[in-house]
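Visitor: Structure file run05.txt (compact mmCIF, C-alpha atoms) right here:
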# COMPACT_ATOMS: atom_id res chain seq x y z
CA MET A 1 -21.25 -29.89 2.20
CA PRO A 2 -18.23 -28.53 4.14
CA SER A 3 -18.13 -29.75 7.72
CA SER A 4 -16.02 -26.89 9.14
CA PRO A 5 -17.61 -23.60 10.29
CA TYR A 6 -14.77 -21.84 8.45
CA VAL A 7 -15.41 -23.51 5.07
CA PHE A 8 -18.48 -22.84 2.95
CA ASP A 9 -19.84 -23.12 -0.57
CA VAL A 10 -20.36 -19.91 -2.54
CA ASP A 11 -22.11 -19.13 -5.82
CA GLU A 12 -22.45 -16.10 -8.07
CA ALA A 13 -25.32 -14.64 -6.09
CA GLY A 14 -23.43 -14.72 -2.81
CA PHE A 15 -19.92 -13.89 -4.04
CA GLN A 16 -20.12 -10.17 -3.29
CA THR A 17 -21.33 -10.52 0.29
CA GLN A 18 -19.72 -13.83 1.27
CA VAL A 19 -16.31 -13.21 -0.29
CA LEU A 20 -15.62 -9.58 -1.19
CA ASP A 21 -17.52 -7.89 1.63
CA ARG A 22 -16.57 -10.50 4.23
CA SER A 23 -12.88 -10.17 3.28
CA ARG A 24 -12.92 -6.68 4.77
CA GLU A 25 -13.31 -8.35 8.16
CA VAL A 26 -11.25 -11.54 7.70
CA PRO A 27 -9.21 -12.92 4.76
CA VAL A 28 -11.22 -15.19 2.48
CA VAL A 29 -9.65 -17.82 0.23
CA VAL A 30 -11.67 -19.01 -2.78
CA ASP A 31 -11.09 -22.51 -4.16
CA PHE A 32 -12.24 -22.67 -7.81
CA TRP A 33 -12.91 -26.36 -8.39
CA ALA A 34 -15.05 -28.88 -10.31
CA ALA A 35 -16.33 -32.34 -9.51
CA TRP A 36 -14.53 -33.93 -12.49
CA CYS A 37 -11.15 -32.43 -11.52
CA GLY A 38 -8.80 -34.99 -9.93
CA PRO A 39 -6.26 -32.46 -8.58
CA CYS A 40 -9.16 -30.56 -7.02
CA ARG A 41 -10.01 -33.61 -4.95
CA THR A 42 -6.40 -33.67 -3.73
CA LEU A 43 -6.08 -29.97 -2.92
CA GLY A 44 -9.57 -29.50 -1.45
CA PRO A 45 -9.06 -31.54 1.75
CA MET A 46 -5.60 -30.01 2.24
CA LEU A 47 -7.04 -26.50 2.04
CA GLU A 48 -9.98 -27.30 4.29
CA ALA A 49 -7.78 -28.82 6.99
CA ALA A 50 -5.27 -25.94 6.88
CA VAL A 51 -8.00 -23.32 7.09
CA ASP A 52 -9.82 -25.17 9.87
CA ALA A 53 -6.57 -25.35 11.87
CA ARG A 54 -6.42 -21.53 11.89
CA GLY A 55 -9.64 -21.32 13.86
CA GLY A 56 -11.38 -18.56 11.92
CA LYS A 57 -8.40 -16.32 11.18
CA VAL A 58 -9.00 -17.10 7.52
CA LEU A 59 -12.08 -18.50 5.73
CA LEU A 60 -12.40 -20.80 2.72
CA ALA A 61 -15.12 -20.39 0.07
CA LYS A 62 -15.51 -23.22 -2.43
CA LEU A 63 -16.83 -22.26 -5.88
CA ASP A 64 -17.86 -24.85 -8.49
CA VAL A 65 -16.71 -23.40 -11.83
CA ASP A 66 -19.22 -25.47 -13.81
CA ALA A 67 -22.14 -24.06 -11.83
CA ASN A 68 -20.71 -20.52 -11.72
CA PRO A 69 -18.96 -19.90 -15.04
CA ARG A 70 -19.31 -16.09 -15.01
CA ILE A 71 -17.33 -15.73 -11.77
CA ALA A 72 -14.65 -18.06 -13.12
CA GLN A 73 -14.46 -16.01 -16.31
CA ALA A 74 -14.31 -12.75 -14.36
CA PHE A 75 -11.18 -13.98 -12.58
CA ARG A 76 -9.73 -15.53 -15.76
CA VAL A 77 -9.65 -19.00 -14.31
CA GLN A 78 -8.12 -21.17 -17.04
CA GLY A 79 -6.89 -24.14 -15.03
CA ILE A 80 -8.17 -25.70 -11.82
CA PRO A 81 -7.79 -25.96 -8.99
CA GLN A 82 -7.26 -22.20 -8.92
CA VAL A 83 -7.04 -20.52 -5.53
CA TYR A 84 -7.46 -16.79 -4.91
CA ALA A 85 -6.97 -14.96 -1.62
CA PHE A 86 -9.04 -11.87 -0.88
CA ARG A 87 -8.45 -9.16 1.67
CA ASN A 88 -10.21 -5.80 1.98
CA GLY A 89 -12.37 -6.61 -1.02
CA GLU A 90 -9.47 -7.29 -3.38
CA ALA A 91 -7.55 -10.31 -4.66
CA VAL A 92 -4.10 -10.18 -3.04
CA ASP A 93 -2.58 -13.57 -3.90
CA GLN A 94 -3.24 -16.72 -5.93
CA PHE A 95 -1.88 -20.05 -7.12
CA THR A 96 -2.87 -22.77 -9.57
CA GLY A 97 -2.70 -26.53 -9.12
CA VAL A 98 -1.75 -28.69 -6.15
CA ILE A 99 1.15 -27.23 -4.16
CA PRO A 100 3.21 -28.87 -1.39
CA GLN A 101 1.85 -28.63 2.15
CA PRO A 102 4.59 -26.24 3.40
CA GLN A 103 3.92 -23.90 0.49
CA LEU A 104 0.19 -24.02 1.20
CA GLU A 105 0.78 -23.22 4.87
CA ASP A 106 2.96 -20.26 3.89
CA PHE A 107 0.26 -19.02 1.48
CA LEU A 108 -2.29 -18.96 4.31
CA ASP A 109 0.12 -17.54 6.88
CA ARG A 110 0.75 -14.52 4.66
CA LEU A 111 -2.96 -13.72 4.85
CA VAL A 112 -3.36 -13.96 8.62
CA PRO A 113 -2.46 -10.72 10.38
CA SER A 114 0.56 -11.02 12.66
CA ALA A 115 0.72 -9.41 16.10
CA ALA A 116 2.63 -6.52 14.50
CA ASP A 117 -0.08 -6.13 11.84
CA VAL A 118 -2.68 -5.84 14.60
CA ALA A 119 -0.49 -3.36 16.48
CA VAL A 120 -0.18 -1.08 13.44
CA GLU A 121 -3.95 -1.08 12.97
CA ARG A 122 -4.50 -0.41 16.69
CA ALA A 123 -1.92 2.40 16.79
CA ALA A 124 -3.77 4.34 14.09
CA SER A 125 -6.58 5.10 16.55
CA LEU A 126 -4.43 5.87 19.62
CA PRO A 127 -3.03 9.18 20.93
CA ARG A 128 0.48 9.87 19.68
CA ASP A 129 2.43 8.75 22.75
CA ASP A 130 0.39 5.58 23.14
CA ALA A 131 0.73 4.81 19.44
CA GLU A 132 4.49 5.24 19.63
CA ALA A 133 4.72 2.81 22.56
CA VAL A 134 2.60 0.21 20.74
CA LEU A 135 4.66 0.49 17.56
CA ARG A 136 7.98 0.28 19.40
CA GLN A 137 6.79 -2.87 21.13
CA ALA A 138 5.69 -4.33 17.80
CA LEU A 139 9.15 -3.71 16.36
CA THR A 140 10.75 -5.30 19.40
CA GLU A 141 8.79 -8.46 18.67
CA GLU A 142 9.06 -8.27 14.88
CA PRO A 143 12.04 -6.02 13.98
CA ASP A 144 11.61 -6.35 10.20
CA HIS A 145 7.93 -5.40 10.11
CA ARG A 146 7.59 -2.83 7.35
CA GLY A 147 4.23 -1.39 8.40
CA ALA A 148 5.28 -0.82 12.01
CA ALA A 149 8.55 0.82 10.97
CA ILE A 150 6.87 3.21 8.55
CA ALA A 151 4.05 4.03 10.98
CA LEU A 152 6.55 4.82 13.74
CA ALA A 153 8.66 6.89 11.33
CA GLU A 154 5.59 8.93 10.44
CA LEU A 155 5.19 9.77 14.12
CA LEU A 156 8.86 10.72 14.52
CA VAL A 157 9.62 12.43 11.22
CA ASP A 158 9.11 16.01 12.41
CA ASP A 159 10.74 15.74 15.86
CA ASP A 160 13.46 13.17 15.15
CA PRO A 161 14.04 12.97 11.39
CA ASP A 162 17.28 11.01 11.70
CA ALA A 163 15.49 8.25 13.62
CA ALA A 164 12.67 8.26 11.07
CA VAL A 165 15.08 7.80 8.15
CA GLU A 166 16.92 5.04 10.00
CA LEU A 167 13.66 3.20 10.66
CA VAL A 168 12.58 3.14 7.02
CA GLY A 169 16.03 2.59 5.51
CA PRO A 170 15.73 -1.22 5.32
CA HIS A 171 12.35 -0.92 3.60
CA ARG A 172 13.30 1.34 0.70
CA PRO A 173 12.14 1.61 -2.07
CA ASP A 174 8.72 0.95 -0.53
CA PRO A 175 6.58 4.04 -1.35
CA GLY A 176 5.84 4.68 2.32
CA ALA A 177 9.53 4.59 3.16
CA GLU A 178 10.41 6.86 0.24
CA ALA A 179 7.76 9.35 1.37
CA ILE A 180 9.42 9.61 4.79
CA VAL A 181 12.84 10.19 3.25
CA ALA A 182 11.43 12.81 0.88
CA ARG A 183 9.78 14.68 3.75
CA VAL A 184 13.05 14.78 5.66
CA GLU A 185 14.97 15.96 2.61
CA PHE A 186 12.46 18.73 1.96
CA ALA A 187 12.78 19.85 5.57
CA ARG A 188 16.59 19.79 5.42
CA ASN A 189 16.99 21.37 1.99
CA GLY A 190 13.95 23.58 1.90
CA GLY A 191 15.51 26.42 3.82
CA GLY A 192 14.54 29.81 2.51
CA ASP A 193 12.44 32.79 3.37
CA VAL A 194 9.18 32.17 1.54
CA ASP A 195 8.16 35.84 1.64
CA ALA A 196 11.54 36.98 0.33
CA LEU A 197 11.46 34.39 -2.46
CA ARG A 198 8.01 35.56 -3.48
CA ARG A 199 9.18 39.18 -3.59
CA GLU A 200 12.06 38.18 -5.86
CA LEU A 201 9.72 36.19 -8.09
CA ALA A 202 7.43 39.18 -8.45
CA GLU A 203 10.33 40.80 -10.28
CA ARG A 204 11.52 37.64 -12.11
CA PRO A 205 8.40 35.43 -12.39
CA GLU A 206 10.00 32.91 -14.79
CA ASP A 207 13.23 32.42 -12.86
CA GLY A 208 13.39 28.63 -12.63
CA GLU A 209 15.90 28.53 -9.79
CA LEU A 210 13.79 30.82 -7.63
CA LEU A 211 10.69 28.73 -8.40
CA VAL A 212 12.49 25.55 -7.34
CA GLN A 213 13.72 27.20 -4.12
CA LEU A 214 10.22 28.42 -3.37
CA GLY A 215 8.72 24.99 -4.10
CA ARG A 216 11.15 23.28 -1.71
CA ALA A 217 10.57 25.88 1.00
CA LEU A 218 6.80 25.55 0.70
CA ALA A 219 6.98 21.72 0.73
CA ALA A 220 9.12 21.88 3.88
CA ARG A 221 6.36 23.93 5.53
CA GLY A 222 3.65 21.51 4.37
CA GLU A 223 2.08 24.04 2.00
CA TYR A 224 1.70 21.47 -0.73
CA ASP A 225 -0.74 23.27 -3.05
CA ASP A 226 1.61 26.21 -3.49
CA ALA A 227 4.65 23.91 -3.61
CA LEU A 228 3.15 21.96 -6.50
CA GLU A 229 2.32 25.17 -8.34
CA ALA A 230 5.84 26.59 -7.91
CA LEU A 231 7.58 23.41 -9.03
CA LEU A 232 5.25 22.90 -12.00
CA ALA A 233 5.89 26.49 -13.03
CA ALA A 234 9.64 25.80 -12.80
CA VAL A 235 9.30 22.83 -15.17
CA GLU A 236 7.17 24.87 -17.55
CA ALA A 237 9.73 27.69 -17.50
CA GLY A 238 12.30 25.28 -18.94
CA GLY A 239 15.98 26.00 -18.87
CA GLU A 240 18.69 24.41 -16.78
CA THR A 241 16.49 23.96 -13.70
CA LYS A 242 13.79 21.98 -15.51
CA GLU A 243 15.17 18.55 -14.59
CA GLY A 244 15.80 19.53 -10.99
CA ALA A 245 12.25 20.80 -10.69
CA ARG A 246 10.95 17.54 -12.14
CA GLU A 247 12.91 15.55 -9.57
CA GLN A 248 11.51 17.67 -6.75
CA LEU A 249 7.99 17.13 -8.07
CA VAL A 250 8.45 13.36 -8.18
CA ALA A 251 9.66 13.45 -4.58
CA LEU A 252 6.65 15.54 -3.58
CA PHE A 253 4.31 13.11 -5.35
CA GLY A 254 5.82 10.40 -3.14
CA VAL A 255 5.09 12.42 -0.02
CA LEU A 256 1.49 13.01 -1.10
CA GLY A 257 0.83 9.39 -2.07
CA ASP A 258 -2.83 8.89 -3.04
CA ASP A 259 -3.71 12.54 -2.48
CA PRO A 260 -6.17 13.70 -5.19
CA ARG A 261 -3.89 16.60 -6.05
CA VAL A 262 -1.31 14.25 -7.49
CA ALA A 263 -3.14 13.06 -10.62
CA PRO A 264 -3.77 16.51 -12.15
CA ALA A 265 -0.24 17.59 -11.21
CA ARG A 266 1.21 14.51 -12.92
CA ALA A 267 -0.85 15.27 -16.04
CA ARG A 268 0.39 18.86 -16.09
CA LEU A 269 3.97 17.68 -15.61
CA ALA A 270 3.63 15.26 -18.52
CA ARG A 271 2.35 18.05 -20.77
CA ALA A 272 5.28 20.25 -19.80
CA LEU A 273 7.81 17.49 -20.47
CA PHE A 274 6.40 16.06 -23.68
Render the structure in this file as structure tokens.

Guide:
Amino acid sequence: MPSSPYVFDVDEAGFQTQVLDRSREVPVVVDFWAAWCGPCRTLGPMLEAAVDARGGKVLLAKLDVDANPRIAQAFRVQGIPQVYAFRNGEAVDQFTGVIPQPQLEDFLDRLVPSAADVAVERAASLPRDDAEAVLRQALTEEPDHRGAAIALAELLVDDDPDAAVELVGPHRPDPGAEAIVARVEFARNGGGDVDALRRELAERPEDGELLVQLGRALAARGEYDDALEALLAAVEAGGETKEGAREQLVALFGVLGDDPRVAPARARLARALF
């Protein structure tokens, strides 16, 4: 039986609650091992000591693959010791075999939230000015922190787009960074009188260039439903503006991220292209 309060045995029955659910609160590392495995007896104490030294910032669950074969099969464990790291209910990292102590320490350190990680999470629930102050402080302490830079850029993108682009520049092509850049480009290049463009399109409804201009103008105003429709119509109209419309759609997909409007729009774009 593990002697540390941060190390525990887990089986199939408790895997959901003790590993997946618990990992939403604190990272959980799972050591897939077996009693007959010599390397497991080497790695096990190393893992337990390293986890214990972190004082609860990460937990270690030990799973006997012989007693719990279905879990091992579910994670395609073919060689042991196999170590998986879980965060927010998902496996985020892994390694197989005995690794050197410095590499093991680095593996665990990547799971433990840094001060900047905590600041980004805290800022999400603060008023804008307070959030900006917290994020700026986080970047002072950890200048290369991707999450803090993107979160601060999201706050600044409308009022200070140049600063927002500068913040995310080192982190491109991260999707969050690309979304910031796309928003700024839409705002800069989306100039156009939406009402006037619509009046022109009423007379020339399949004019691809007008559709692209309207799509950019609508995206710049944050009217994403109509922007998607205009740009998709431009692709479907074909002609010389088809590729430009496709590029604008891809940029808009980046801005929208996981928005549920993206999947059907992507499917419609694919039909128009192929």

Visitor: Hey, can you check how far atom CA of Asp159 of chain A sits from atom CA of Asp129 of chain A?

Guide: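 Between atom CA of Asp159 of chain A and atom CA of Asp129 of chain A the gap is 12.9 Å.
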
Visitor: So, with only C-alpha atoms as the atoms that count, which of A:Ala67, A:Val19, A:Leu256, A:Val92 lies closest to Gly176 of chain A?

Guide: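 For Gly176 of chain A, the nearest of the candidates is A:Leu256.
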
Visitor: Which polymer residues, whether protein, DNA or RNA, lie within 12 Å of the coordinate (-14.2, -3.8, -4.7) when you count all atoms listed in the file? List them as a PyMOL selection string, using the chain letters and numbers from the file.

Guide: chain A and resi 15-17+19-24+86-91

Visitor: Go ahead and write the selection's residues with C-alpha atoms as an mmCIF file, in the frame of the given file.

Guide:
data_model
loop_
_atom_site.group_PDB
_atom_site.id
_atom_site.type_symbol
_atom_site.label_atom_id
_atom_site.label_comp_id
_atom_site.auth_asym_id
_atom_site.auth_seq_id
_atom_site.Cartn_x
_atom_site.Cartn_y
_atom_site.Cartn_z
ATOM 1 C CA PHE A 15 -19.920 -13.890 -4.040
ATOM 2 C CA GLN A 16 -20.120 -10.170 -3.290
ATOM 3 C CA THR A 17 -21.330 -10.520 0.290
ATOM 4 C CA VAL A 19 -16.310 -13.210 -0.290
ATOM 5 C CA LEU A 20 -15.620 -9.580 -1.190
ATOM 6 C CA ASP A 21 -17.520 -7.890 1.630
ATOM 7 C CA ARG A 22 -16.570 -10.500 4.230
ATOM 8 C CA SER A 23 -12.880 -10.170 3.280
ATOM 9 C CA ARG A 24 -12.920 -6.680 4.770
ATOM 10 C CA PHE A 86 -9.040 -11.870 -0.880
ATOM 11 C CA ARG A 87 -8.450 -9.160 1.670
ATOM 12 C CA ASN A 88 -10.210 -5.800 1.980
ATOM 13 C CA GLY A 89 -12.370 -6.610 -1.020
ATOM 14 C CA GLU A 90 -9.470 -7.290 -3.380
ATOM 15 C CA ALA A 91 -7.550 -10.310 -4.660
#

Visitor: Mind pulling up the distance from atom CA of Leu60 of chain A to atom CA of Ala74 of chain A?

Guide: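 It comes out at 19.0 Å.
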
Visitor: With all atoms listed in the file as the counted atoms, please give the residues lying no more than 12 Å from Ser114 of chain A, apart from itself and same-chain residues fewer than 3 positions off, as a ChimeraX atom specification.

Guide: /A:57,108-111,117-121,138-139,141-142,145,147-148

Visitor: Between atom CA of Gly244 of chain A and atom CA of Arg199 of chain A, what is the spacing in Å?

Guide: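 So the answer is 22.0 Å.
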
Visitor: I need every residue sitting at most 6 Å from the point (11.6, 25.0, -9.4) (coordinates as in the file, only C-alpha atoms considered), written as a compact mmCIF listing (two decimals) with C-alpha atoms, keeping the file's coordinate frame.

Guide:
# COMPACT_ATOMS: atom_id res chain seq x y z
CA GLY A 208 13.39 28.63 -12.63
CA GLU A 209 15.90 28.53 -9.79
CA LEU A 211 10.69 28.73 -8.40
CA VAL A 212 12.49 25.55 -7.34
CA LEU A 231 7.58 23.41 -9.03
CA ALA A 234 9.64 25.80 -12.80
CA ALA A 245 12.25 20.80 -10.69
